[in-house]
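Engineer: TSV, C-alpha atoms, file protein-v2.tsv:
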chain	number	residue	atom	x	y	z
J	1140	MET	CA	-44.15	46.30	25.21
J	1141	SER	CA	-43.95	44.80	28.70
J	1142	ALA	CA	-42.78	46.35	31.92
J	1143	PHE	CA	-40.03	45.38	34.32
J	1144	ALA	CA	-41.84	43.64	37.14
J	1145	ASP	CA	-39.67	45.23	39.80
J	1146	TYR	CA	-39.77	48.82	38.56
J	1147	GLU	CA	-41.14	51.34	41.08
J	1148	PRO	CA	-41.17	55.14	41.28
J	1149	GLU	CA	-38.62	55.06	44.09
J	1150	ASP	CA	-36.09	54.14	41.39
J	1151	ALA	CA	-36.41	57.65	39.98
J	1152	TRP	CA	-36.04	59.48	43.29
J	1153	CYS	CA	-33.00	61.75	43.45
J	1154	THR	CA	-32.72	64.44	46.10
J	1155	THR	CA	-30.98	66.87	43.76
J	1156	ASP	CA	-33.99	66.98	41.41
J	1157	THR	CA	-36.30	69.97	41.12
J	1158	VAL	CA	-39.15	70.34	43.62
J	1159	PRO	CA	-41.84	69.74	40.97
J	1160	ALA	CA	-40.10	66.52	39.93
J	1161	LEU	CA	-39.89	65.38	43.53
J	1162	VAL	CA	-43.56	66.18	44.24
J	1163	LEU	CA	-44.56	64.26	41.13
J	1164	ASN	CA	-42.52	61.31	42.33
J	1165	LEU	CA	-44.19	61.40	45.74
J	1166	ARG	CA	-47.62	61.47	44.12
J	1167	ARG	CA	-46.76	58.43	42.07
J	1168	ARG	CA	-45.65	56.61	45.19
J	1169	VAL	CA	-48.96	57.38	46.86
J	1170	ALA	CA	-50.67	56.11	43.73
J	1171	GLU	CA	-48.76	52.86	44.18
J	1172	LEU	CA	-50.19	52.56	47.67
J	1173	ASP	CA	-53.60	53.27	46.18
J	1174	GLY	CA	-53.14	50.21	44.04
J	1175	GLY	CA	-52.39	51.97	40.81
J	1176	ASN	CA	-55.11	54.62	40.87
J	1177	VAL	CA	-53.82	58.10	40.13
J	1178	SER	CA	-53.79	60.23	43.24
J	1179	GLN	CA	-55.87	63.44	43.22
J	1180	SER	CA	-53.84	65.01	45.99
J	1181	GLU	CA	-52.54	68.45	45.22
J	1182	THR	CA	-50.48	69.38	48.27
J	1183	LEU	CA	-47.82	67.86	50.43
J	1184	GLU	CA	-50.17	67.96	53.40
J	1185	GLN	CA	-52.60	65.79	51.53
J	1186	LEU	CA	-49.82	63.45	50.54
J	1187	GLU	CA	-48.65	63.22	54.10
J	1188	ARG	CA	-52.13	62.62	55.46
J	1189	ARG	CA	-52.73	59.88	52.99
J	1190	ALA	CA	-49.37	58.25	53.62
J	1191	LEU	CA	-50.09	58.33	57.34
J	1192	THR	CA	-53.29	56.41	56.85
J	1193	TYR	CA	-51.22	53.61	55.39
J	1194	VAL	CA	-48.66	53.72	58.16
J	1195	HIS	CA	-51.45	53.47	60.74
J	1196	ALA	CA	-53.19	50.74	58.87
J	1197	ILE	CA	-51.12	47.93	60.31
J	1198	ASN	CA	-54.32	46.23	61.34
J	1199	ARG	CA	-55.09	45.96	57.65
J	1200	GLU	CA	-52.11	43.64	57.45
J	1201	LEU	CA	-50.23	45.58	54.85
J	1202	GLU	CA	-47.28	43.82	53.34
J	1203	GLN	CA	-43.85	44.82	54.58
J	1204	ARG	CA	-43.08	46.36	51.21
J	1205	GLU	CA	-46.10	48.68	51.48
J	1206	LEU	CA	-45.21	49.68	55.01
J	1207	THR	CA	-41.66	50.48	53.93
J	1208	ARG	CA	-42.98	52.50	51.01
J	1209	ALA	CA	-45.29	54.52	53.25
J	1210	ALA	CA	-42.64	55.13	55.90
J	1211	GLU	CA	-40.07	56.26	53.34
J	1212	LEU	CA	-42.65	58.45	51.66
J	1213	LEU	CA	-43.31	60.22	54.96
J	1214	GLU	CA	-39.60	60.78	55.48
J	1215	ASP	CA	-39.29	62.26	52.03
J	1216	VAL	CA	-42.35	64.50	52.43
J	1217	GLU	CA	-40.80	65.95	55.56
J	1218	TRP	CA	-37.43	66.33	53.86
J	1219	LEU	CA	-39.00	68.08	50.88
J	1220	ARG	CA	-41.02	70.38	53.14
J	1221	THR	CA	-37.78	71.44	54.84
J	1222	ARG	CA	-36.14	72.02	51.49
J	1223	ILE	CA	-39.02	74.20	50.27
J	1224	ARG	CA	-38.96	76.24	53.49
J	1225	SER	CA	-35.26	76.89	53.03
J	1226	GLY	CA	-35.81	78.27	49.56
J	1227	GLY	CA	-36.32	75.21	47.38
Z	476	MET	CA	-28.11	70.00	34.96
Z	477	GLY	CA	-25.12	67.82	34.31
Z	478	ASP	CA	-23.50	68.30	30.94
Z	479	ARG	CA	-21.42	65.14	30.59
Z	480	TYR	CA	-23.00	62.72	28.16
Z	481	LEU	CA	-21.15	59.47	27.58
Z	482	THR	CA	-21.24	59.79	23.83
Z	483	ASP	CA	-18.39	57.31	23.45
Z	484	LEU	CA	-20.41	54.59	25.18
Z	485	ALA	CA	-21.06	52.55	22.03
Z	486	HIS	CA	-17.40	52.73	21.09
Z	487	VAL	CA	-16.32	51.66	24.57
Z	488	VAL	CA	-18.59	48.63	24.54
Z	489	ARG	CA	-17.64	47.67	21.00
Z	490	ALA	CA	-13.93	47.94	21.83
Z	491	ALA	CA	-14.48	45.37	24.58
Z	492	GLY	CA	-15.36	42.87	21.86
Z	493	LEU	CA	-19.08	42.86	22.57
Z	494	SER	CA	-21.89	43.02	20.03
Z	495	VAL	CA	-23.56	46.40	20.12
Z	496	VAL	CA	-26.94	47.74	19.05
Z	497	GLU	CA	-27.32	51.51	19.20
Z	498	THR	CA	-30.85	52.79	19.82
Z	499	ALA	CA	-31.91	55.91	17.98
Z	500	GLY	CA	-31.16	59.07	19.92
Z	501	TRP	CA	-29.13	57.44	22.71
Z	502	GLU	CA	-26.43	60.12	22.59
Z	503	THR	CA	-28.77	62.79	23.99
Z	504	ARG	CA	-31.09	60.67	26.12
Z	505	ALA	CA	-31.13	61.26	29.92
Z	506	ARG	CA	-33.35	61.65	32.95
Z	507	GLY	CA	-34.63	65.15	33.78
Z	508	SER	CA	-31.33	66.15	35.37
Z	509	GLY	CA	-29.49	65.65	32.08
Z	510	GLY	CA	-25.95	64.35	31.82
Z	511	TYR	CA	-23.47	63.62	34.58
Z	512	ASP	CA	-21.72	66.26	36.66
Z	513	GLY	CA	-17.97	66.67	36.94
Z	514	ASP	CA	-15.99	63.44	37.08
Z	515	ARG	CA	-19.06	61.20	37.25
Z	516	PRO	CA	-20.04	58.42	36.67
Z	517	TRP	CA	-18.30	56.77	39.60
Z	518	CYS	CA	-19.61	53.23	39.35
Z	519	VAL	CA	-21.81	50.70	37.58
Z	520	VAL	CA	-25.09	49.36	38.98
Z	521	TRP	CA	-25.88	45.79	37.95
Z	522	HIS	CA	-29.60	45.09	37.60
Z	523	HIS	CA	-31.84	42.47	36.10
Z	524	THR	CA	-34.96	43.40	34.18
Z	525	ALA	CA	-37.43	41.14	35.98
Z	526	SER	CA	-38.94	40.46	32.58
Z	527	SER	CA	-39.24	37.57	30.17
Z	528	THR	CA	-39.78	39.31	26.88
Z	529	THR	CA	-37.77	40.16	23.78
Z	530	PRO	CA	-34.87	42.61	23.69
Z	531	GLU	CA	-37.00	44.91	21.53
Z	532	ASN	CA	-39.74	45.04	24.16
Z	533	ASP	CA	-37.30	45.51	27.01
Z	534	VAL	CA	-35.42	48.27	25.25
Z	535	ASN	CA	-38.67	49.97	24.31
Z	536	TYR	CA	-39.67	49.98	27.95
Z	537	ILE	CA	-36.28	51.37	29.00
Z	538	ILE	CA	-36.29	54.29	26.62
Z	539	HIS	CA	-40.01	55.00	26.04
Z	540	GLY	CA	-42.49	52.87	27.94
Z	541	CYS	CA	-41.60	53.40	31.57
Z	542	PRO	CA	-43.10	56.59	33.06
Z	543	ASP	CA	-39.61	57.41	34.37
Z	544	ALA	CA	-37.74	56.55	31.15
Z	545	PRO	CA	-34.91	56.26	30.52
Z	546	VAL	CA	-34.35	53.64	33.19
Z	547	ALA	CA	-30.96	52.29	32.08
Z	548	ASN	CA	-27.91	53.36	30.14
Z	549	LEU	CA	-27.28	49.88	28.77
Z	550	TYR	CA	-29.29	46.73	28.23
Z	551	LEU	CA	-27.60	43.34	28.19
Z	552	ALA	CA	-29.52	40.74	26.22
Z	553	ARG	CA	-29.50	37.04	26.99
Z	554	ASP	CA	-27.08	36.36	24.13
Z	555	GLY	CA	-24.60	38.96	25.41
Z	556	THR	CA	-25.51	41.71	22.95
Z	557	VAL	CA	-25.40	45.17	24.49
Z	558	TYR	CA	-28.01	47.77	23.55
Z	559	VAL	CA	-26.90	51.34	24.11
Z	560	CYS	CA	-29.91	53.25	25.44
Z	561	ALA	CA	-28.79	56.53	27.02
Z	562	ALA	CA	-25.63	58.61	27.38
Z	563	GLY	CA	-26.90	60.71	30.28
Z	564	ALA	CA	-27.97	59.84	33.82
Z	565	CYS	CA	-30.92	57.43	34.09
Z	566	ASN	CA	-33.59	56.38	36.60
Z	567	HIS	CA	-32.53	52.93	37.74
Z	568	ALA	CA	-31.33	53.05	41.34
Z	569	GLY	CA	-33.23	55.82	43.17
Z	570	LYS	CA	-33.71	55.65	46.90
Z	571	GLY	CA	-30.94	54.01	48.86
Z	572	GLY	CA	-27.41	54.37	50.09
Z	573	PRO	CA	-25.05	55.92	50.82
Z	574	ALA	CA	-22.31	53.87	49.15
Z	575	SER	CA	-18.57	54.42	48.89
Z	576	PHE	CA	-16.36	54.04	45.84
Z	577	MET	CA	-12.86	55.00	44.80
Z	578	ARG	CA	-13.88	58.54	43.86
Z	579	GLY	CA	-16.02	59.19	46.90
Z	580	THR	CA	-19.26	58.43	48.65
Z	581	VAL	CA	-22.51	58.57	46.72
Z	582	PRO	CA	-24.92	60.37	49.06
Z	583	THR	CA	-28.22	58.89	50.15
Z	584	ASP	CA	-30.82	58.93	47.35
Z	585	GLN	CA	-28.44	60.20	44.64
Z	586	MET	CA	-27.20	57.10	42.86
Z	587	ASN	CA	-28.99	57.94	39.61
Z	588	THR	CA	-26.73	60.94	39.02
Z	589	HIS	CA	-23.55	59.04	39.94
Z	590	ALA	CA	-23.81	55.67	38.19
Z	591	ILE	CA	-24.09	53.88	34.90
Z	592	GLY	CA	-27.10	51.57	35.05
Z	593	VAL	CA	-27.05	48.21	33.27
Z	594	GLU	CA	-30.22	46.14	32.96
Z	595	ALA	CA	-29.55	42.50	32.11
Z	596	ALA	CA	-32.39	40.50	30.65
Z	597	ASN	CA	-33.59	37.95	33.18
Z	598	ALA	CA	-36.83	37.26	35.00
Z	599	GLY	CA	-34.94	36.99	38.27
Z	600	THR	CA	-37.04	34.11	39.52
Z	601	GLY	CA	-34.87	31.21	38.47
Z	602	GLU	CA	-34.46	31.77	34.75
Z	603	ARG	CA	-31.06	30.55	33.59
Z	604	TRP	CA	-28.28	33.05	33.12
Z	605	PRO	CA	-26.36	31.84	30.04
Z	606	ALA	CA	-22.57	31.84	30.36
Z	607	GLU	CA	-22.25	34.17	27.38
Z	608	GLN	CA	-24.45	36.73	29.12
Z	609	ILE	CA	-22.47	36.42	32.36
Z	610	ASP	CA	-19.15	36.79	30.53
Z	611	ALA	CA	-20.50	39.81	28.68
Z	612	TYR	CA	-21.66	41.35	31.98
Z	613	PHE	CA	-18.13	41.15	33.37
Z	614	ALA	CA	-16.49	42.31	30.14
Z	615	LEU	CA	-18.90	45.23	29.94
Z	616	SER	CA	-18.28	46.28	33.52
Z	617	LEU	CA	-14.52	46.09	33.09
Z	618	ALA	CA	-14.69	48.12	29.89
Z	619	LEU	CA	-16.75	50.82	31.62
Z	620	SER	CA	-14.41	51.10	34.58
Z	621	ALA	CA	-11.40	51.32	32.27
Z	622	ALA	CA	-13.02	53.89	30.00
Z	623	TYR	CA	-14.33	56.19	32.71
Z	624	GLY	CA	-11.47	55.79	35.14
Z	625	PHE	CA	-13.01	54.20	38.18
Z	626	ASP	CA	-11.92	51.05	39.99
Z	627	VAL	CA	-12.83	47.65	38.54
Z	628	GLY	CA	-14.59	46.83	41.81
Z	629	ASP	CA	-16.70	49.99	41.73
Z	630	VAL	CA	-19.93	48.15	41.02
Z	631	ILE	CA	-23.00	47.80	43.17
Z	632	THR	CA	-26.19	45.78	43.20
Z	633	HIS	CA	-29.18	45.48	45.47
Z	634	GLY	CA	-27.54	42.53	47.17
Z	635	GLY	CA	-26.53	42.26	50.80
Z	636	PRO	CA	-25.69	44.83	53.44
Z	637	ASP	CA	-23.37	46.75	51.11
Z	638	GLY	CA	-25.92	46.88	48.32
Z	639	TRP	CA	-28.11	49.79	47.23
Z	640	ALA	CA	-31.61	49.57	48.70
Z	641	PRO	CA	-31.42	45.85	49.47
Z	642	ASP	CA	-34.77	46.14	51.26
Z	643	ARG	CA	-36.52	47.20	48.04
Z	644	LYS	CA	-34.95	44.99	45.40
Z	645	ILE	CA	-33.32	41.60	44.93
Z	646	ASP	CA	-31.42	41.94	41.67
Z	647	PRO	CA	-29.45	40.46	40.20
Z	648	ALA	CA	-30.86	37.00	40.90
Z	649	THR	CA	-30.93	34.09	41.07
Z	650	ALA	CA	-27.47	32.84	41.96
Z	651	ALA	CA	-28.36	29.20	41.43
Z	652	ALA	CA	-29.35	29.89	37.82
Z	653	VAL	CA	-25.93	31.27	36.81
Z	654	GLU	CA	-24.23	29.10	34.20
Z	655	GLY	CA	-20.54	28.91	33.38
Z	656	GLU	CA	-17.45	28.70	35.55
Z	657	TRP	CA	-18.32	31.57	37.86
Z	658	ARG	CA	-20.92	30.68	40.46
Z	659	PRO	CA	-21.91	33.44	42.88
Z	660	GLU	CA	-23.16	32.78	46.35
Z	661	ALA	CA	-26.74	33.75	47.15
Z	662	VAL	CA	-27.04	36.38	49.87
Z	663	THR	CA	-30.84	36.44	50.16
Z	664	SER	CA	-33.57	33.87	50.15
Z	665	ALA	CA	-34.53	35.24	46.72
Z	666	GLY	CA	-31.13	34.21	45.38
Z	667	THR	CA	-29.50	37.64	45.04
Z	668	TRP	CA	-25.92	37.36	43.83
Z	669	SER	CA	-23.24	38.17	46.36
Z	670	LEU	CA	-21.80	41.61	45.65
Z	671	LEU	CA	-18.51	40.48	47.18
Z	672	ASP	CA	-18.38	37.59	44.70
Z	673	ILE	CA	-19.04	39.94	41.78
Z	674	ARG	CA	-16.27	42.29	42.85
Z	675	ALA	CA	-13.81	39.44	43.43
Z	676	GLU	CA	-14.53	38.01	39.99
Z	677	LEU	CA	-14.07	41.43	38.39
Z	678	GLU	CA	-10.65	41.73	40.05
Z	679	LEU	CA	-9.74	38.26	38.83
Z	680	ARG	CA	-10.87	38.89	35.27
Z	681	ALA	CA	-9.10	42.24	35.22
Z	682	GLN	CA	-5.83	40.50	36.15
Z	683	HIS	CA	-6.30	37.90	33.44
Z	684	ALA	CA	-7.08	40.61	30.94
Z	685	THR	CA	-3.85	42.35	31.86
Z	686	GLU	CA	-1.84	39.19	31.36
Z	687	ASP	CA	-3.59	38.44	28.10
Z	688	ASP	CA	-2.66	41.90	26.90
Z	689	MET	CA	1.06	41.21	27.26
Z	690	LEU	CA	1.50	40.09	23.72
Z	691	TYR	CA	4.38	42.29	22.68
Z	692	LEU	CA	8.04	41.65	23.24
Z	693	ALA	CA	10.57	44.43	23.38
Z	694	THR	CA	14.30	44.36	23.84
Z	695	LEU	CA	15.91	46.79	26.25
Z	696	ALA	CA	19.12	48.58	25.39
Z	697	ASP	CA	21.08	46.07	27.48
Z	698	GLY	CA	19.55	43.13	25.65
Z	699	THR	CA	16.98	42.16	28.28
Z	700	VAL	CA	13.81	40.92	26.66
Z	701	CYS	CA	10.57	42.26	28.15
Z	702	VAL	CA	6.97	41.42	27.57
Z	703	VAL	CA	5.25	44.71	27.02
Z	704	GLY	CA	1.54	45.39	27.31
Z	705	SER	CA	-0.63	47.03	29.87
Z	706	ALA	CA	1.86	45.65	32.40
Z	707	ILE	CA	5.56	45.11	32.00
Z	708	ARG	CA	7.97	42.57	33.35
Z	709	PRO	CA	11.09	40.92	32.02
Z	710	VAL	CA	10.97	37.40	30.74
Z	711	SER	CA	13.84	34.95	30.77
Z	712	GLY	CA	15.39	33.36	27.75
Z	713	ASP	CA	13.76	30.07	28.73
Z	714	GLU	CA	10.33	31.63	28.57
Z	715	ILE	CA	10.70	32.77	25.00
Z	716	ALA	CA	12.61	29.68	23.85
Z	717	PRO	CA	10.76	26.82	22.13
Z	718	GLY	CA	8.59	25.12	24.73
Z	719	GLY	CA	8.47	28.21	26.93
Z	720	PRO	CA	5.15	29.91	27.72
Z	721	TYR	CA	5.92	32.85	25.42
Z	722	ALA	CA	7.54	30.88	22.63
Z	723	GLY	CA	4.61	31.46	20.31
Z	724	LEU	CA	4.37	35.19	20.85
Z	725	PRO	CA	5.43	37.55	18.13
Z	726	ARG	CA	8.53	39.61	18.50
Z	727	PHE	CA	7.16	43.04	17.88
Z	728	VAL	CA	9.68	45.35	16.26
Z	729	PRO	CA	8.06	48.72	15.72
Z	730	ASP	CA	9.18	51.33	13.31
Z	731	PRO	CA	11.26	53.83	15.34
Z	732	ALA	CA	9.10	56.64	14.01
Z	733	SER	CA	5.79	55.02	14.87
Z	734	TYR	CA	3.35	55.65	17.67
Z	735	TRP	CA	3.88	52.09	18.81
Z	736	HIS	CA	7.59	52.62	19.16
Z	737	ALA	CA	7.01	55.66	21.36
Z	738	TRP	CA	4.52	53.69	23.43
Z	739	LEU	CA	6.89	50.76	23.86
Z	740	ARG	CA	9.80	53.05	24.60
Z	741	ALA	CA	7.82	54.72	27.35
Z	742	GLY	CA	6.92	51.34	28.79
Z	743	VAL	CA	10.50	50.16	28.71
Z	744	ASP	CA	11.66	53.37	30.38
Z	745	GLU	CA	9.11	52.87	33.10
Z	746	TYR	CA	10.27	49.31	33.64
Z	747	SER	CA	13.89	50.40	33.70
Z	748	GLN	CA	13.16	52.95	36.40
Z	749	ARG	CA	11.20	50.43	38.40
Z	750	VAL	CA	14.02	47.93	38.53
Z	751	GLY	CA	16.74	50.56	38.83
Z	752	MET	CA	18.42	49.91	35.52
Go ahead and render the structure in this file as C-alpha cells.
Structural biologist:
Amino acid sequence: MSAFADYEPEDAWCTTDTVPALVLNLRRRVAELDGGNVSQSETLEQLERRALTYVHAINRELEQRELTRAAELLEDVEWLRTRIRSGG
Amino acid sequence: MGDRYLTDLAHVVRAAGLSVVETAGWETRARGSGGYDGDRPWCVVWHHTASSTTPENDVNYIIHGCPDAPVANLYLARDGTVYVCAAGACNHAGKGGPASFMRGTVPTDQMNTHAIGVEAANAGTGERWPAEQIDAYFALSLALSAAYGFDVGDVITHGGPDGWAPDRKIDPATAAAVEGEWRPEAVTSAGTWSLLDIRAELELRAQHATEDDMLYLATLADGTVCVVGSAIRPVSGDEIAPGGPYAGLPRFVPDPASYWHAWLRAGVDEYSQRVGM
C-alpha cells in the first residue's frame, strides 16, 4: 500500500472536533516539522515552544511550506487554548 | 456527532451510468465526527491522489492505511470506475476557507464536515488524465449535486484564489495533461486546474444532460405537442416531422393509471401554467 504524496495532517483538522482529537492533530503537525519523528511533547505549551523554534529558524532557510505549517500551528495552538479556557 | 450517512451513495453513482465498486463497510465509515449534520453535504471537493499505484492500493490507503483514514468518500480510478469508500464525513480538506456555496458559507477549517471528498487517481505531476476519467469526474459531480440537492457549481478544489487552502495544495493538476474535449486553464505554475473552468463545464454539461433527458413527447389537451423530460417546452410540427430534430423520438403514451402518466400530467400542467394556457 502506498501513500498519497500530498497528504498531511492539516487535511484532518476540523475546529468542531473534540479537544483530544485536535491536540493529537497538532502533535502530528509538530512531528511533520520534526521530519517524521514522533513528538514527545505532552502539553500545548511544549507544542507552542517547539513550533516557535521553527518560526524563528528562518536563518535555517526553512522551506515556505514548513514556515506556513509552523505559523498555522501556532495560530491553532492559541485558538485551542482559548477554546479550552472557555470550557472546551 | 453527525448522523447523516450517505448510504445511497453507491446507488447514486451507479444511476449516473458509472461503474461502481463498493468497499466493505463503506456505509458506516466516517471520520471521528461521524456522519454529516443537518442538510449537509453542501458541496464536492475535487482532489487528485498524488499517487501512481493501483486502485487497490489507493483505496486501501483511503480507508485503512492513512493515519487519518478515511480520507475520501469516493475514489475515481483512471478508467472512470468509482470506488465507494465512506458514507460519512472524511478527512480530505482540513485547514482552509471559508468558502461560500448555495446553502451557505463553510466556516474556516470545517470543510471536512460539509463536503463530499473525491480522490481521482493521478500523480499530479504531468500524468495524463484520460478522457474517460475526466468525463466520469463531471458525471459523478453532477450526480452528487442532483442527489443531495446542491448547485451543480458547488464544487471546490485547491486551485486559485477561490480554492480551499491553495497555499497548501495544488490539486487537481496538471491542466496540460487533461485529455478529451475539455481543456482547463492552469491557474498555478504547478498546473492546477482552473476552478472557474470546472464550474463552467459543469454548468454546460448539466444543460446538455437536461436536453438529452427530453426524450418523451406528450400531447396537451389542446393538441399541442410537448417534449417532456426534466425540462418542458413545446415543439413545432416541423420538429417532430420526418427530417426534424425530434423525428426519431418515441411518442410516449403512458397508461392513464401509471406513475408515468401522473408525472407527465404534472409536467404538462406546469408548462400550461407557465405559458398561460
Engineer: Need to verify the contact set: Thr556 in chain Z, 10 Å, only C-alpha atoms, exclusion of same-chain residues closer than 2 positions in sequence. Can you return it as a list in words?
Structural biologist: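 Selected residues are Val488, Leu493, Ser494, Val495, Val496, Pro530, Tyr550, Leu551, Ala552, Arg553, Asp554, Tyr558, Val559, Glu607, Gln608, Ala611 and Tyr612 of chain Z.
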Engineer: Pick from Z:Leu679, Z:Ala595, Z:Val662, Z:Ala544: nearest to Ala1151 in chain J, with all atoms listed in the file counted?
Structural biologist: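 Once distances to Ala1151 in chain J are computed over all atoms listed in the file, the minimum belongs to Z:Ala544.
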Engineer: Counting all atoms listed in the file, a student should be able to say which residues of chain Z come within 10 Å of chain J; what is the right answer, written as a PyMOL selection string?
Structural biologist: chain Z and resi 476+506-508+523-529+531-537+539-546+565-571+582-588+594+596-599+640+642-646
Engineer: Determine, counting all atoms listed in the file, every residue of protein, DNA or RNA that lies within 10 Å of (-44.1, 69.0, 48.0) in the file coordinates, then give the result as an NGL selection string.
Structural biologist: :J and (1158-1166 or 1181-1187 or 1215-1223 or 1227)
Engineer: Quick one: distance from CA of Ile591 in chain Z to CA of Asp637 in chain Z in Å, one decimal?
Structural biologist: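 We find that CA of Ile591 in chain Z and CA of Asp637 in chain Z lie 17.7 Å from each other.
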Engineer: Expressed in Å to a single decimal, how great is the separation between CA of Asp672 in chain Z and CA of Asp626 in chain Z?
Structural biologist: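 Atom-to-atom, CA of Asp672 in chain Z to CA of Asp626 in chain Z, that is 15.7 Å.
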Engineer: May I have the protein, DNA and RNA residues with any atom at most 6 Å from the point (-46.5, 56.6, 53.3), counting all atoms listed in the file, written as a short mmCIF file (atom, residue, chain, number, x, y, z; two decimals) with C-alpha atoms, in the frame of the given file?
Structural biologist:
data_model
loop_
_atom_site.label_atom_id
_atom_site.label_comp_id
_atom_site.auth_asym_id
_atom_site.auth_seq_id
_atom_site.Cartn_x
_atom_site.Cartn_y
_atom_site.Cartn_z
CA ALA J 1190 -49.37 58.25 53.62
CA LEU J 1191 -50.09 58.33 57.34
CA TYR J 1193 -51.22 53.61 55.39
CA ARG J 1208 -42.98 52.50 51.01
CA ALA J 1209 -45.29 54.52 53.25
CA ALA J 1210 -42.64 55.13 55.90
CA LEU J 1212 -42.65 58.45 51.66
CA LEU J 1213 -43.31 60.22 54.96
#
Engineer: Can you work out the spacing between CA of Gly655 in chain Z and CA of Ala621 in chain Z in Å, to one decimal?
Structural biologist: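 Rounded to one decimal, the two atoms are 24.2 Å apart.
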Engineer: Go through Z:Ala562, Z:Ala665, Z:Ala614, Z:Ile673 and flag the residue nearest Leu481 in chain Z, using only C-alpha atoms for the distances.
Structural biologist: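 With only C-alpha atoms as the atom set, the closest residue is Z:Ala562.
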